[in-house]
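File shown here: start.pdb, holding PDB, C-alpha atoms.
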ATOM      1  CA  MET T   1     130.135  99.080  83.358
ATOM      2  CA  GLY T   2     128.701 102.505  84.117
ATOM      3  CA  GLU T   3     127.308 103.645  87.443
ATOM      4  CA  PHE T   4     123.616 102.898  87.884
ATOM      5  CA  PRO T   5     121.289 105.754  88.875
ATOM      6  CA  ARG T   6     120.978 106.255  92.609
ATOM      7  CA  ILE T   7     118.109 107.978  94.344
ATOM      8  CA  ASP T   8     119.043 110.102  97.345
ATOM      9  CA  ILE T   9     116.620 109.302 100.173
ATOM     10  CA  GLY T  10     118.239 111.378 102.867
ATOM     11  CA  ASN T  11     118.610 109.365 106.058
ATOM     12  CA  ARG T  12     119.548 106.122 104.326
ATOM     13  CA  MET T  13     122.126 104.920 101.865
ATOM     14  CA  SER T  14     121.120 105.933  98.331
ATOM     15  CA  VAL T  15     118.923 103.416  96.523
ATOM     16  CA  ILE T  16     119.956 101.816  93.253
ATOM     17  CA  ARG T  17     117.355 102.411  90.568
ATOM     18  CA  PRO T  18     117.819  99.781  87.826
ATOM     19  CA  ASP T  19     117.911 101.035  84.250
ATOM     20  CA  PHE T  20     114.542 101.415  82.593
ATOM     21  CA  LEU T  21     113.883  98.850  79.886
ATOM     22  CA  LYS T  22     114.298  99.342  76.166
ATOM     23  CA  LYS T  23     113.436  97.083  73.260
ATOM     24  CA  GLY T  24     115.730  94.079  73.000
ATOM     25  CA  ASP T  25     116.244  93.775  76.765
ATOM     26  CA  LEU T  26     115.918  90.400  78.474
ATOM     27  CA  VAL T  27     113.173  89.720  81.051
ATOM     28  CA  LEU T  28     113.031  86.629  83.277
ATOM     29  CA  ILE T  29     109.914  84.918  84.637
ATOM     30  CA  ILE T  30     110.286  82.801  87.765
ATOM     31  CA  GLY T  31     107.978  81.176  90.295
ATOM     32  CA  ILE T  32     108.804  81.361  94.004
ATOM     33  CA  SER T  33     105.348  80.752  95.440
ATOM     34  CA  ARG T  34     102.306  78.846  94.160
ATOM     35  CA  ALA T  35     102.618  76.673  91.053
ATOM     36  CA  ARG T  36     101.418  78.042  87.718
ATOM     37  CA  SER T  37     100.964  76.089  84.494
ATOM     38  CA  GLU T  38     102.483  76.763  81.102
ATOM     39  CA  ALA T  39      99.000  77.622  79.812
ATOM     40  CA  GLN T  40      98.541  80.210  82.571
ATOM     41  CA  LEU T  41     101.805  81.948  81.651
ATOM     42  CA  ALA T  42     101.562  81.791  77.860
ATOM     43  CA  GLY T  43      99.821  85.162  77.698
ATOM     44  CA  ALA T  44     102.611  86.861  79.637
ATOM     45  CA  MET T  45     105.232  85.385  77.313
ATOM     46  CA  GLU T  46     103.353  86.696  74.286
ATOM     47  CA  THR T  47     102.811  90.119  75.847
ATOM     48  CA  LEU T  48     106.467  90.631  76.762
ATOM     49  CA  LEU T  49     107.523  89.629  73.262
ATOM     50  CA  SER T  50     105.009  92.120  71.833
ATOM     51  CA  TRP T  51     106.757  94.830  73.871
ATOM     52  CA  GLY T  52     109.937  94.078  71.960
ATOM     53  CA  LEU T  53     111.586  92.243  74.840
ATOM     54  CA  LYS T  54     113.336  88.902  75.054
ATOM     55  CA  VAL T  55     111.946  86.420  77.579
ATOM     56  CA  GLU T  56     113.538  83.538  79.436
ATOM     57  CA  ALA T  57     111.852  81.218  81.926
ATOM     58  CA  GLY T  58     113.402  79.909  85.100
ATOM     59  CA  ALA T  59     114.507  76.289  84.888
ATOM     60  CA  HIS T  60     111.757  75.225  87.306
ATOM     61  CA  LEU T  61     109.036  77.677  86.280
ATOM     62  CA  TYR T  62     106.534  74.925  85.501
ATOM     63  CA  SER T  63     107.586  72.548  88.264
ATOM     64  CA  ARG T  64     105.114  71.508  90.927
ATOM     65  CA  PHE T  65     105.668  70.250  94.465
ATOM     66  CA  HIS T  66     102.402  70.091  96.364
ATOM     67  CA  GLN T  67     101.037  73.649  96.009
ATOM     68  CA  PHE T  68     104.439  75.163  95.276
ATOM     69  CA  ALA T  69     106.207  75.987  92.000
ATOM     70  CA  GLY T  70     108.783  73.290  92.710
ATOM     71  CA  THR T  71     110.638  72.275  95.851
ATOM     72  CA  ASP T  72     112.210  74.879  98.109
ATOM     73  CA  ASP T  73     115.590  74.087  96.550
ATOM     74  CA  GLU T  74     114.220  74.507  93.023
ATOM     75  CA  ARG T  75     112.475  77.800  93.759
ATOM     76  CA  ALA T  76     115.532  79.132  95.570
ATOM     77  CA  ALA T  77     117.725  78.128  92.623
ATOM     78  CA  ASP T  78     115.518  80.053  90.203
ATOM     79  CA  LEU T  79     115.501  83.131  92.431
ATOM     80  CA  GLN T  80     119.292  82.971  92.795
ATOM     81  CA  TRP T  81     119.631  82.581  89.022
ATOM     82  CA  ALA T  82     117.483  85.680  88.514
ATOM     83  CA  VAL T  83     119.304  87.756  91.135
ATOM     84  CA  SER T  84     122.729  86.889  89.729
ATOM     85  CA  HIS T  85     121.841  87.017  86.021
ATOM     86  CA  PRO T  86     124.422  89.294  84.382
ATOM     87  CA  VAL T  87     122.265  90.411  81.432
ATOM     88  CA  ALA T  88     118.565  90.442  82.412
ATOM     89  CA  LYS T  89     117.001  93.832  83.128
ATOM     90  CA  ALA T  90     113.827  92.691  84.892
ATOM     91  CA  VAL T  91     112.331  89.731  86.744
ATOM     92  CA  ILE T  92     108.581  89.167  86.818
ATOM     93  CA  PHE T  93     107.105  86.779  89.336
ATOM     94  CA  ALA T  94     104.743  84.174  87.889
ATOM     95  CA  GLY T  95     102.239  84.431  90.736
ATOM     96  CA  GLY T  96     101.705  84.794  94.442
ATOM     97  CA  GLY T  97     100.163  82.624  97.117
ATOM     98  CA  TYR T  98     102.694  81.364  99.632
ATOM     99  CA  GLY T  99     106.260  80.143  99.531
ATOM    100  CA  ALA T 100     108.692  83.067  99.270
ATOM    101  CA  MET T 101     109.513  83.038 102.994
ATOM    102  CA  ARG T 102     110.608  79.420 102.662
ATOM    103  CA  VAL T 103     113.361  80.299 100.154
ATOM    104  CA  ILE T 104     114.453  83.891 100.799
ATOM    105  CA  ASP T 105     117.247  82.967 103.233
ATOM    106  CA  ARG T 106     118.757  80.512 100.730
ATOM    107  CA  VAL T 107     119.503  83.320  98.266
ATOM    108  CA  VAL T 108     122.477  85.707  98.258
ATOM    109  CA  PHE T 109     121.482  89.122  96.913
ATOM    110  CA  GLY T 110     124.905  90.738  96.741
ATOM    111  CA  ASP T 111     125.149  90.398  92.950
ATOM    112  CA  LEU T 112     122.347  92.939  92.537
ATOM    113  CA  SER T 113     124.793  95.759  93.203
ATOM    114  CA  LYS T 114     126.686  94.641  90.069
ATOM    115  CA  HIS T 115     123.689  93.562  88.002
ATOM    116  CA  PRO T 116     120.642  95.510  89.266
ATOM    117  CA  LYS T 117     117.314  94.688  87.703
ATOM    118  CA  TRP T 118     113.655  95.374  88.339
ATOM    119  CA  PHE T 119     111.694  92.802  90.342
ATOM    120  CA  ALA T 120     107.951  93.048  89.701
ATOM    121  CA  GLY T 121     104.975  91.424  91.402
ATOM    122  CA  TYR T 122     102.879  91.748  94.551
ATOM    123  CA  SER T 123     101.337  89.720  97.369
ATOM    124  CA  ASP T 124     103.888  87.046  98.374
ATOM    125  CA  ALA T 125     106.570  89.027  96.484
ATOM    126  CA  THR T 126     106.550  91.444  99.448
ATOM    127  CA  THR T 127     109.077  89.078 101.058
ATOM    128  CA  VAL T 128     111.506  89.865  98.234
ATOM    129  CA  PHE T 129     110.638  93.574  98.276
ATOM    130  CA  ASN T 130     111.547  93.777 101.957
ATOM    131  CA  ARG T 131     114.900  92.129 101.218
ATOM    132  CA  LEU T 132     115.457  94.531  98.321
ATOM    133  CA  TRP T 133     114.852  97.425 100.708
ATOM    134  CA  HIS T 134     117.672  96.111 102.868
ATOM    135  CA  GLU T 135     119.788  95.765  99.722
ATOM    136  CA  ASN T 136     118.970  99.366  98.686
ATOM    137  CA  VAL T 137     117.431  98.364  95.344
ATOM    138  CA  ALA T 138     114.204  99.767  93.880
ATOM    139  CA  ALA T 139     111.343  97.447  92.854
ATOM    140  CA  ILE T 140     107.896  97.528  91.238
ATOM    141  CA  HIS T 141     104.689  96.485  93.004
ATOM    142  CA  SER T 142     102.526  95.278  90.140
ATOM    143  CA  THR T 143     100.411  92.603  88.536
ATOM    144  CA  MET T 144     102.090  89.225  87.989
ATOM    145  CA  ALA T 145     102.710  87.104  84.906
ATOM    146  CA  PHE T 146      99.705  84.782  85.216
ATOM    147  CA  GLN T 147      97.386  87.814  85.351
ATOM    148  CA  PHE T 148      98.656  89.601  82.231
ATOM    149  CA  PRO T 149      95.696  88.574  80.015
ATOM    150  CA  VAL T 150      93.148  89.206  82.779
ATOM    151  CA  ASN T 151      93.580  92.938  83.308
ATOM    152  CA  LEU T 152      95.101  94.816  80.397
ATOM    153  CA  GLU T 153      95.097  98.144  82.255
ATOM    154  CA  ALA T 154      97.182  96.760  85.110
ATOM    155  CA  THR T 155      99.543  95.098  82.637
ATOM    156  CA  GLU T 156      99.954  98.351  80.694
ATOM    157  CA  SER T 157     100.754 100.198  83.927
ATOM    158  CA  LEU T 158     103.562  97.703  84.563
ATOM    159  CA  ARG T 159     104.902  98.229  81.058
ATOM    160  CA  MET T 160     104.992 101.984  81.623
ATOM    161  CA  ARG T 161     106.835 101.603  84.940
ATOM    162  CA  LEU T 162     109.358  99.177  83.427
ATOM    163  CA  PHE T 163     110.070 101.501  80.506
ATOM    164  CA  GLY T 164     110.180 104.596  82.700
ATOM    165  CA  GLU T 165     107.171 106.295  81.123
ATOM    166  CA  LYS T 166     105.450 108.898  83.263
ATOM    167  CA  ARG T 167     102.214 107.714  84.819
ATOM    168  CA  GLU T 168      99.979 109.341  87.416
ATOM    169  CA  GLU T 169      97.040 107.342  88.761
ATOM    170  CA  MET T 170      93.537 108.695  89.157
ATOM    171  CA  VAL T 171      92.697 108.020  92.797
ATOM    172  CA  PRO T 172      89.125 108.590  94.025
ATOM    173  CA  VAL T 173      88.992 110.980  96.961
ATOM    174  CA  SER T 174      87.776 109.274 100.130
ATOM    175  CA  SER T 175      86.065 111.013 103.033
ATOM    176  CA  SER T 176      88.361 108.956 105.283
ATOM    177  CA  ASN T 177      91.522 110.515 103.832
ATOM    178  CA  ARG T 178      93.667 112.781 105.977
ATOM    179  CA  MET T 179      95.011 115.809 104.159
ATOM    180  CA  GLY T 180      98.666 116.615 103.917
ATOM    181  CA  LEU T 181     101.843 116.625 101.877
ATOM    182  CA  ALA T 182     104.825 114.286 102.296
ATOM    183  CA  ARG T 183     108.042 113.666 100.414
ATOM    184  CA  ALA T 184     109.742 110.410 101.329
ATOM    185  CA  GLN T 185     110.690 106.905 100.250
ATOM    186  CA  VAL T 186     107.753 104.587  99.463
ATOM    187  CA  VAL T 187     108.016 101.158 101.125
ATOM    188  CA  GLY T 188     105.680  98.287 101.882
ATOM    189  CA  GLY T 189     103.408  95.832 100.115
ATOM    190  CA  ASN T 190     101.159  93.125 101.482
ATOM    191  CA  LEU T 191     100.254  93.789 105.117
ATOM    192  CA  SER T 192     100.227  90.106 106.115
ATOM    193  CA  LEU T 193     103.803  89.718 104.867
ATOM    194  CA  ILE T 194     105.009  92.928 106.529
ATOM    195  CA  TYR T 195     103.475  91.558 109.736
ATOM    196  CA  ALA T 196     104.972  88.069 109.241
ATOM    197  CA  LEU T 197     108.462  89.450 108.569
ATOM    198  CA  SER T 198     108.515  91.601 111.706
ATOM    199  CA  GLY T 199     111.454  90.724 113.920
ATOM    200  CA  SER T 200     113.266  88.896 111.106
ATOM    201  CA  ARG T 201     116.295  90.003 109.114
ATOM    202  CA  ASP T 202     113.835  91.363 106.547
ATOM    203  CA  ASP T 203     111.886  93.477 109.008
ATOM    204  CA  LEU T 204     110.873  96.748 107.341
ATOM    205  CA  GLN T 205     111.901  99.998 108.998
ATOM    206  CA  THR T 206     109.295 102.685 108.398
ATOM    207  CA  ASN T 207     110.462 105.832 110.178
ATOM    208  CA  GLY T 208     110.233 108.786 107.822
ATOM    209  CA  LYS T 209     108.748 106.629 105.038
ATOM    210  CA  ILE T 210     105.523 106.616 103.049
ATOM    211  CA  LEU T 211     104.104 103.184 103.889
ATOM    212  CA  PHE T 212     101.929 101.370 101.349
ATOM    213  CA  ILE T 213      99.749  98.472 102.542
ATOM    214  CA  GLU T 214      97.168  96.172 100.959
ATOM    215  CA  ASP T 215      95.655  92.789 101.771
ATOM    216  CA  LEU T 216      93.113  90.139 100.826
ATOM    217  CA  ASP T 217      90.769  87.656 102.458
ATOM    218  CA  GLU T 218      91.571  88.378 106.100
ATOM    219  CA  GLN T 219      89.267  88.253 109.085
ATOM    220  CA  LEU T 220      88.587  91.770 110.325
ATOM    221  CA  TYR T 221      89.993  90.950 113.740
ATOM    222  CA  HIS T 222      93.167  89.662 112.021
ATOM    223  CA  LEU T 223      93.467  93.035 110.289
ATOM    224  CA  ASP T 224      93.058  94.794 113.631
ATOM    225  CA  ARG T 225      95.739  92.569 115.172
ATOM    226  CA  MET T 226      98.180  93.332 112.347
ATOM    227  CA  MET T 227      97.589  97.065 112.545
ATOM    228  CA  LEU T 228      98.031  96.985 116.322
ATOM    229  CA  GLN T 229     101.302  95.084 115.907
ATOM    230  CA  LEU T 230     102.565  97.772 113.540
ATOM    231  CA  LYS T 231     101.472 100.447 115.983
ATOM    232  CA  ARG T 232     102.913  98.804 119.110
ATOM    233  CA  SER T 233     106.225  98.117 117.356
ATOM    234  CA  GLY T 234     106.548 101.780 116.371
ATOM    235  CA  LYS T 235     106.007 101.292 112.650
ATOM    236  CA  LEU T 236     103.114 103.757 112.446
ATOM    237  CA  SER T 237     104.124 106.578 114.777
ATOM    238  CA  LYS T 238     106.866 108.193 112.674
ATOM    239  CA  LEU T 239     105.597 107.664 109.137
ATOM    240  CA  ALA T 240     105.766 110.458 106.599
ATOM    241  CA  GLY T 241     102.526 109.199 105.077
ATOM    242  CA  LEU T 242     100.285 106.148 104.645
ATOM    243  CA  VAL T 243      98.847 104.853 101.359
ATOM    244  CA  VAL T 244      96.171 102.173 101.749
ATOM    245  CA  GLY T 245      95.500 100.057  98.678
ATOM    246  CA  GLY T 246      92.905  97.342  98.330
ATOM    247  CA  LEU T 247      91.638  95.718 101.516
ATOM    248  CA  SER T 248      89.685  93.165  99.554
ATOM    249  CA  ASP T 249      87.197  90.449 100.510
ATOM    250  CA  MET T 250      87.586  90.960 104.244
ATOM    251  CA  LYS T 251      85.702  88.439 106.347
ATOM    252  CA  ASP T 252      83.654  88.819 109.509
ATOM    253  CA  ASN T 253      82.601  86.373 112.215
ATOM    254  CA  SER T 254      79.028  85.292 112.950
ATOM    255  CA  ILE T 255      79.164  87.843 115.755
ATOM    256  CA  PRO T 256      80.216  91.000 113.837
ATOM    257  CA  TYR T 257      83.554  92.550 114.695
ATOM    258  CA  GLY T 258      81.939  95.967 114.688
ATOM    259  CA  ALA T 259      84.238  97.942 112.403
ATOM    260  CA  SER T 260      85.033  97.935 108.704
ATOM    261  CA  ALA T 261      88.531  97.432 107.327
ATOM    262  CA  GLU T 262      88.845 101.143 106.633
ATOM    263  CA  GLU T 263      87.685 102.016 110.150
ATOM    264  CA  ILE T 264      90.255  99.635 111.658
ATOM    265  CA  VAL T 265      93.096 101.349 109.792
ATOM    266  CA  ARG T 266      91.767 104.817 110.632
ATOM    267  CA  GLU T 267      91.661 103.966 114.331
ATOM    268  CA  ALA T 268      95.243 102.649 114.282
ATOM    269  CA  VAL T 269      96.620 105.928 112.898
ATOM    270  CA  ALA T 270      94.109 108.371 114.417
ATOM    271  CA  GLU T 271      96.566 109.983 116.833
ATOM    272  CA  TYR T 272      99.152 110.821 114.166
ATOM    273  CA  GLN T 273      99.247 113.808 111.837
ATOM    274  CA  TYR T 274     100.688 112.564 108.518
ATOM    275  CA  PRO T 275      98.631 112.339 105.296
ATOM    276  CA  VAL T 276      96.627 109.157 104.758
ATOM    277  CA  CYS T 277      95.138 107.978 101.459
ATOM    278  CA  PHE T 278      92.515 105.227 101.240
ATOM    279  CA  GLY T 279      91.550 103.367  98.083
ATOM    280  CA  TYR T 280      94.783 103.634  96.139
ATOM    281  CA  PRO T 281      94.333 101.364  93.082
ATOM    282  CA  ALA T 282      96.902  98.683  93.905
ATOM    283  CA  GLY T 283      96.862  95.255  95.501
ATOM    284  CA  HIS T 284      94.339  92.435  95.249
ATOM    285  CA  VAL T 285      91.989  94.588  93.215
ATOM    286  CA  GLU T 286      91.027  94.689  89.541
ATOM    287  CA  ARG T 287      92.849  97.991  88.977
ATOM    288  CA  ASN T 288      96.163  96.778  90.361
ATOM    289  CA  MET T 289      98.197  99.702  89.064
ATOM    290  CA  ALA T 290     101.969  99.395  89.243
ATOM    291  CA  LEU T 291     103.886 101.568  91.685
ATOM    292  CA  TYR T 292     107.556 101.917  92.530
ATOM    293  CA  LEU T 293     108.820 100.728  95.906
ATOM    294  CA  ASN T 294     111.963 101.880  97.707
ATOM    295  CA  CYS T 295     111.897 105.070  95.606
ATOM    296  CA  GLU T 296     111.270 108.629  96.737
ATOM    297  CA  ALA T 297     107.907 110.183  95.949
ATOM    298  CA  GLU T 298     105.755 113.136  96.839
ATOM    299  CA  LEU T 299     102.370 112.262  98.302
ATOM    300  CA  GLU T 300      99.720 114.971  98.221
ATOM    301  CA  VAL T 301      96.291 114.372  99.724
ATOM    302  CA  ASN T 302      93.770 117.206  99.560
ATOM    303  CA  GLU T 303      90.019 117.697  99.190
ATOM    304  CA  LYS T 304      90.146 117.418  95.397
ATOM    305  CA  GLN T 305      92.812 114.828  94.598
ATOM    306  CA  VAL T 306      95.381 112.299  95.716
ATOM    307  CA  ARG T 307      98.705 112.455  93.934
ATOM    308  CA  LEU T 308     101.687 110.130  94.285
ATOM    309  CA  ASN T 309     104.433 111.586  92.120
ATOM    310  CA  TYR T 310     107.734 109.717  91.901
ATOM    311  CA  LEU T 311     110.987 111.653  91.956
ATOM    312  CA  LEU T 312     113.118 109.465  89.694
TER     313      LEU T 312
END
Using structure tokens, write down the structure that the file contains.
Amino acid sequence: MGEFPRIDIGNRMSVIRPDFLKKGDLVLIIGISRARSEAQLAGAMETLLSWGLKVEAGAHLYSRFHQFAGTDDERAADLQWAVSHPVAKAVIFAGGGYGAMRVIDRVVFGDLSKHPKWFAGYSDATTVFNRLWHENVAAIHSTMAFQFPVNLEATESLRMRLFGEKREEMVPVSSSNRMGLARAQVVGGNLSLIYALSGSRDDLQTNGKILFIEDLDEQLYHLDRMMLQLKRSGKLSKLAGLVVGGLSDMKDNSIPYGASAEEIVREAVAEYQYPVCFGYPAGHVERNMALYLNCEAELEVNEKQVRLNYLL
């Protein structure tokens, strides 16, 4: 077996970048969080086949245990099967919700160094992305299988990332952006999961990194608490850059908190000098465009454009 491409990220062991897909490759679909039905995933199966790929479902993909896609043992078994699969080139999560933290410590990820593959999803998949960062393996933050028929643009962006086709997103310029240029590894995902994993074996180290965050359906004071935790734990002070995706459907109390989601994030990073981009089209938003995690990129934020260019 040949050596897989490695991306030099300077102050850390080089990251394994799985091979880009080609027609005839095998893709796995597994559920590690909320249950999804066969009807909900039929569109993803058809789409992957239309891309010229082979598709195989996890043994417990359509299982249900309360709100979960099977018991903890069943979901862990499917994740272990996917991690250790000797042939598959990518793994797409069926959906998000909650459940990945309940199974992540039951899975041994060592086989990924021998059989690296792309893991794609978002939201609860951040738990796996954090573990992949510790394992020095690149990943894709993207739409998930149950959403394939819902947003064709997001699904096409995932296809392009999986096949290694060049893609540069059009990002609206926000008056809240902070100008600058950074070249560093992109890490992150769902803010609630980054917050929940702090202090655990999957805690994300952010020094010298471009941090991407997004979230959904949080109280504004919860968002403030999470941003303050990141700040007080040192995760914001030495960033190379910050990319803020969707902060969607944020909630307020009957007595208003007094600041918007964007204002809360701006306040948390106000004393630092690195570039900050708001409104990147990724996360719990309609235009959930796929982006690479654990890979090096150049982030440019100026008065006319925002550019996140991957150095693969």
Explicit residue set for the PyMOL selection byres ((chain T and resi 90) around 6), as a VMD selection string: chain T and resid 27 88 to 89 91 117 to 119
With 5 Å on each side, where is the centre of the axis-aligned box around all listed atoms of segment 58-66 of chain T, and how long are its edges in Å to one decimal, as JSON?
{"center_x": 108.5, "center_y": 75.0, "center_z": 90.6, "size_x": 22.1, "size_y": 19.8, "size_z": 21.5}
Record the distance separating atom CA of Leu191 of chain T and atom CA of Glu169 of chain T, expressed in Å with one decimal.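 Those two atoms sit 21.5 Å apart.
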Any idea what the distance is between atom CA of Asp19 of chain T and atom CA of His85 of chain T? 14.7 Å
Segment 136-139 of chain T: which residues within 7 Å, counting all atoms listed in the file, same-chain residues fewer than 6 positions away excluded, as a VMD selection string? chain T and resid 14 to 17 118 to 120 129 292 to 295
Saved selection, atoms kept: C-alpha atoms, as a PDB file, in the coordinates of the input:
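This is the output file out.pdb:
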ATOM      1  CA  SER T  14     121.120 105.933  98.331  1.00  0.00           C
ATOM      2  CA  VAL T  15     118.923 103.416  96.523  1.00  0.00           C
ATOM      3  CA  ILE T  16     119.956 101.816  93.253  1.00  0.00           C
ATOM      4  CA  ARG T  17     117.355 102.411  90.568  1.00  0.00           C
ATOM      5  CA  TRP T 118     113.655  95.374  88.339  1.00  0.00           C
ATOM      6  CA  PHE T 119     111.694  92.802  90.342  1.00  0.00           C
ATOM      7  CA  ALA T 120     107.951  93.048  89.701  1.00  0.00           C
ATOM      8  CA  PHE T 129     110.638  93.574  98.276  1.00  0.00           C
ATOM      9  CA  TYR T 292     107.556 101.917  92.530  1.00  0.00           C
ATOM     10  CA  LEU T 293     108.820 100.728  95.906  1.00  0.00           C
ATOM     11  CA  ASN T 294     111.963 101.880  97.707  1.00  0.00           C
ATOM     12  CA  CYS T 295     111.897 105.070  95.606  1.00  0.00           C
TER      13      CYS T 295
END
Enumerate, in order of chain and increasing residue number, the residues of segment 56-160 of chain T with an atom no farther than 12 Å from segment 237-247 of chain T, each with its shortest atom pair and distance in Å to one decimal, counting all atoms listed in the file, as CSV.
residue,atom,partner,partner_atom,distance
T:Tyr122,CA,T:Gly245,CA,11.9
T:Ser123,CA,T:Gly246,CA,11.4
T:His141,CA,T:Gly245,CA,11.4
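Each of T:Val87, T:Leu228, T:Met144, T:Ala297 was compared to Arg266 of chain T using all atoms listed in the file, and T:Leu228 turns out to be the nearest.
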Could you tell me, as a list in words, exactly which residues end up selected when the PyMOL selection byres ((chain T and resi 126) around 8) is applied to this structure?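 For this structure, the PyMOL selection byres ((chain T and resi 126) around 8) resolves to Tyr122, Ser123, Asp124, Ala125, Thr127, Val128, Phe129, Asn130, Gly188, Gly189, Asn190, Leu193 and Ile194 of chain T.
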How would the residues just picked look written out with C-alpha atoms as an mmCIF file, in the frame of the given file?
data_model
loop_
_atom_site.group_PDB
_atom_site.id
_atom_site.type_symbol
_atom_site.label_atom_id
_atom_site.label_comp_id
_atom_site.auth_asym_id
_atom_site.auth_seq_id
_atom_site.Cartn_x
_atom_site.Cartn_y
_atom_site.Cartn_z
ATOM 1 C CA TYR T 122 102.879 91.748 94.551
ATOM 2 C CA SER T 123 101.337 89.720 97.369
ATOM 3 C CA ASP T 124 103.888 87.046 98.374
ATOM 4 C CA ALA T 125 106.570 89.027 96.484
ATOM 5 C CA THR T 127 109.077 89.078 101.058
ATOM 6 C CA VAL T 128 111.506 89.865 98.234
ATOM 7 C CA PHE T 129 110.638 93.574 98.276
ATOM 8 C CA ASN T 130 111.547 93.777 101.957
ATOM 9 C CA GLY T 188 105.680 98.287 101.882
ATOM 10 C CA GLY T 189 103.408 95.832 100.115
ATOM 11 C CA ASN T 190 101.159 93.125 101.482
ATOM 12 C CA LEU T 193 103.803 89.718 104.867
ATOM 13 C CA ILE T 194 105.009 92.928 106.529
#
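For the choices T:Lys251, T:Arg287, T:Lys209, T:Arg36, the atom-to-atom distance to Glu153 of chain T is smallest for T:Arg287 when using only C-alpha atoms.
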Under the PyMOL selection byres ((chain T and resi 156) around 12), which residues of this model are included? Write them out as an MDAnalysis selection string. chainID T and resid 44 47:48 50:51 142:144 147:155 157:163 165 167 287:290
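If only C-alpha atoms are the atoms counted, then among T:Asp78, T:Leu41, T:Tyr221, T:Arg34 the closest residue to Phe65 of chain T is T:Arg34.
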Nearby residues (only C-alpha atoms) at most 9 Å from Ala77 of chain T, same-chain spacing under 3 positions excluded, as a ChimeraX atom specification: /T:58-60,72-74,80-82,103,106-107
Taking all atoms listed in the file into account, name the residue in T:Val83, T:Glu303, T:Arg131, T:Met170 that is nearest to His115 of chain T. T:Val83
For Leu311 of chain T, please output as JSON, numbers by chain all residues within 10 Å (counting all atoms listed in the file; exclusion window: fewer than 2 positions along the same chain). {"T": [7, 8, 183, 184, 185, 295, 296, 297, 298, 308, 309]}
Identify, on the basis of all atoms listed in the file, every residue whose closest approach to Gly99 of chain T does not exceed 6 Å; exclude the query and any residue fewer than 2 positions from it along the same chain; express the result as a list of chain:residue names. T:Ser33, T:Met101, T:Arg102
Identify, on the basis of all atoms listed in the file, every residue whose closest approach to Tyr257 of chain T does not exceed 12 Å; exclude the query and any residue fewer than 6 positions from it along the same chain; express the result as a VMD selection string. chain T and resid 219 to 224 250 to 251 263 to 264
Kindly save the residues from that selection, with C-alpha atoms included, as a PDB file, keeping the file's coordinate frame.
ATOM      1  CA  GLN T 219      89.267  88.253 109.085  1.00  0.00           C
ATOM      2  CA  LEU T 220      88.587  91.770 110.325  1.00  0.00           C
ATOM      3  CA  TYR T 221      89.993  90.950 113.740  1.00  0.00           C
ATOM      4  CA  HIS T 222      93.167  89.662 112.021  1.00  0.00           C
ATOM      5  CA  LEU T 223      93.467  93.035 110.289  1.00  0.00           C
ATOM      6  CA  ASP T 224      93.058  94.794 113.631  1.00  0.00           C
ATOM      7  CA  MET T 250      87.586  90.960 104.244  1.00  0.00           C
ATOM      8  CA  LYS T 251      85.702  88.439 106.347  1.00  0.00           C
ATOM      9  CA  GLU T 263      87.685 102.016 110.150  1.00  0.00           C
ATOM     10  CA  ILE T 264      90.255  99.635 111.658  1.00  0.00           C
TER      11      ILE T 264
END
Separating atom CA of Ala100 of chain T from atom CA of Ser233 of chain T, to the nearest tenth of an Å, is a gap of 23.7 Å
Measuring atom to atom with all atoms listed in the file, identify which of T:His66, T:Arg178, T:Lys231, T:Arg75 is nearest to Ile29 of chain T. T:Arg75
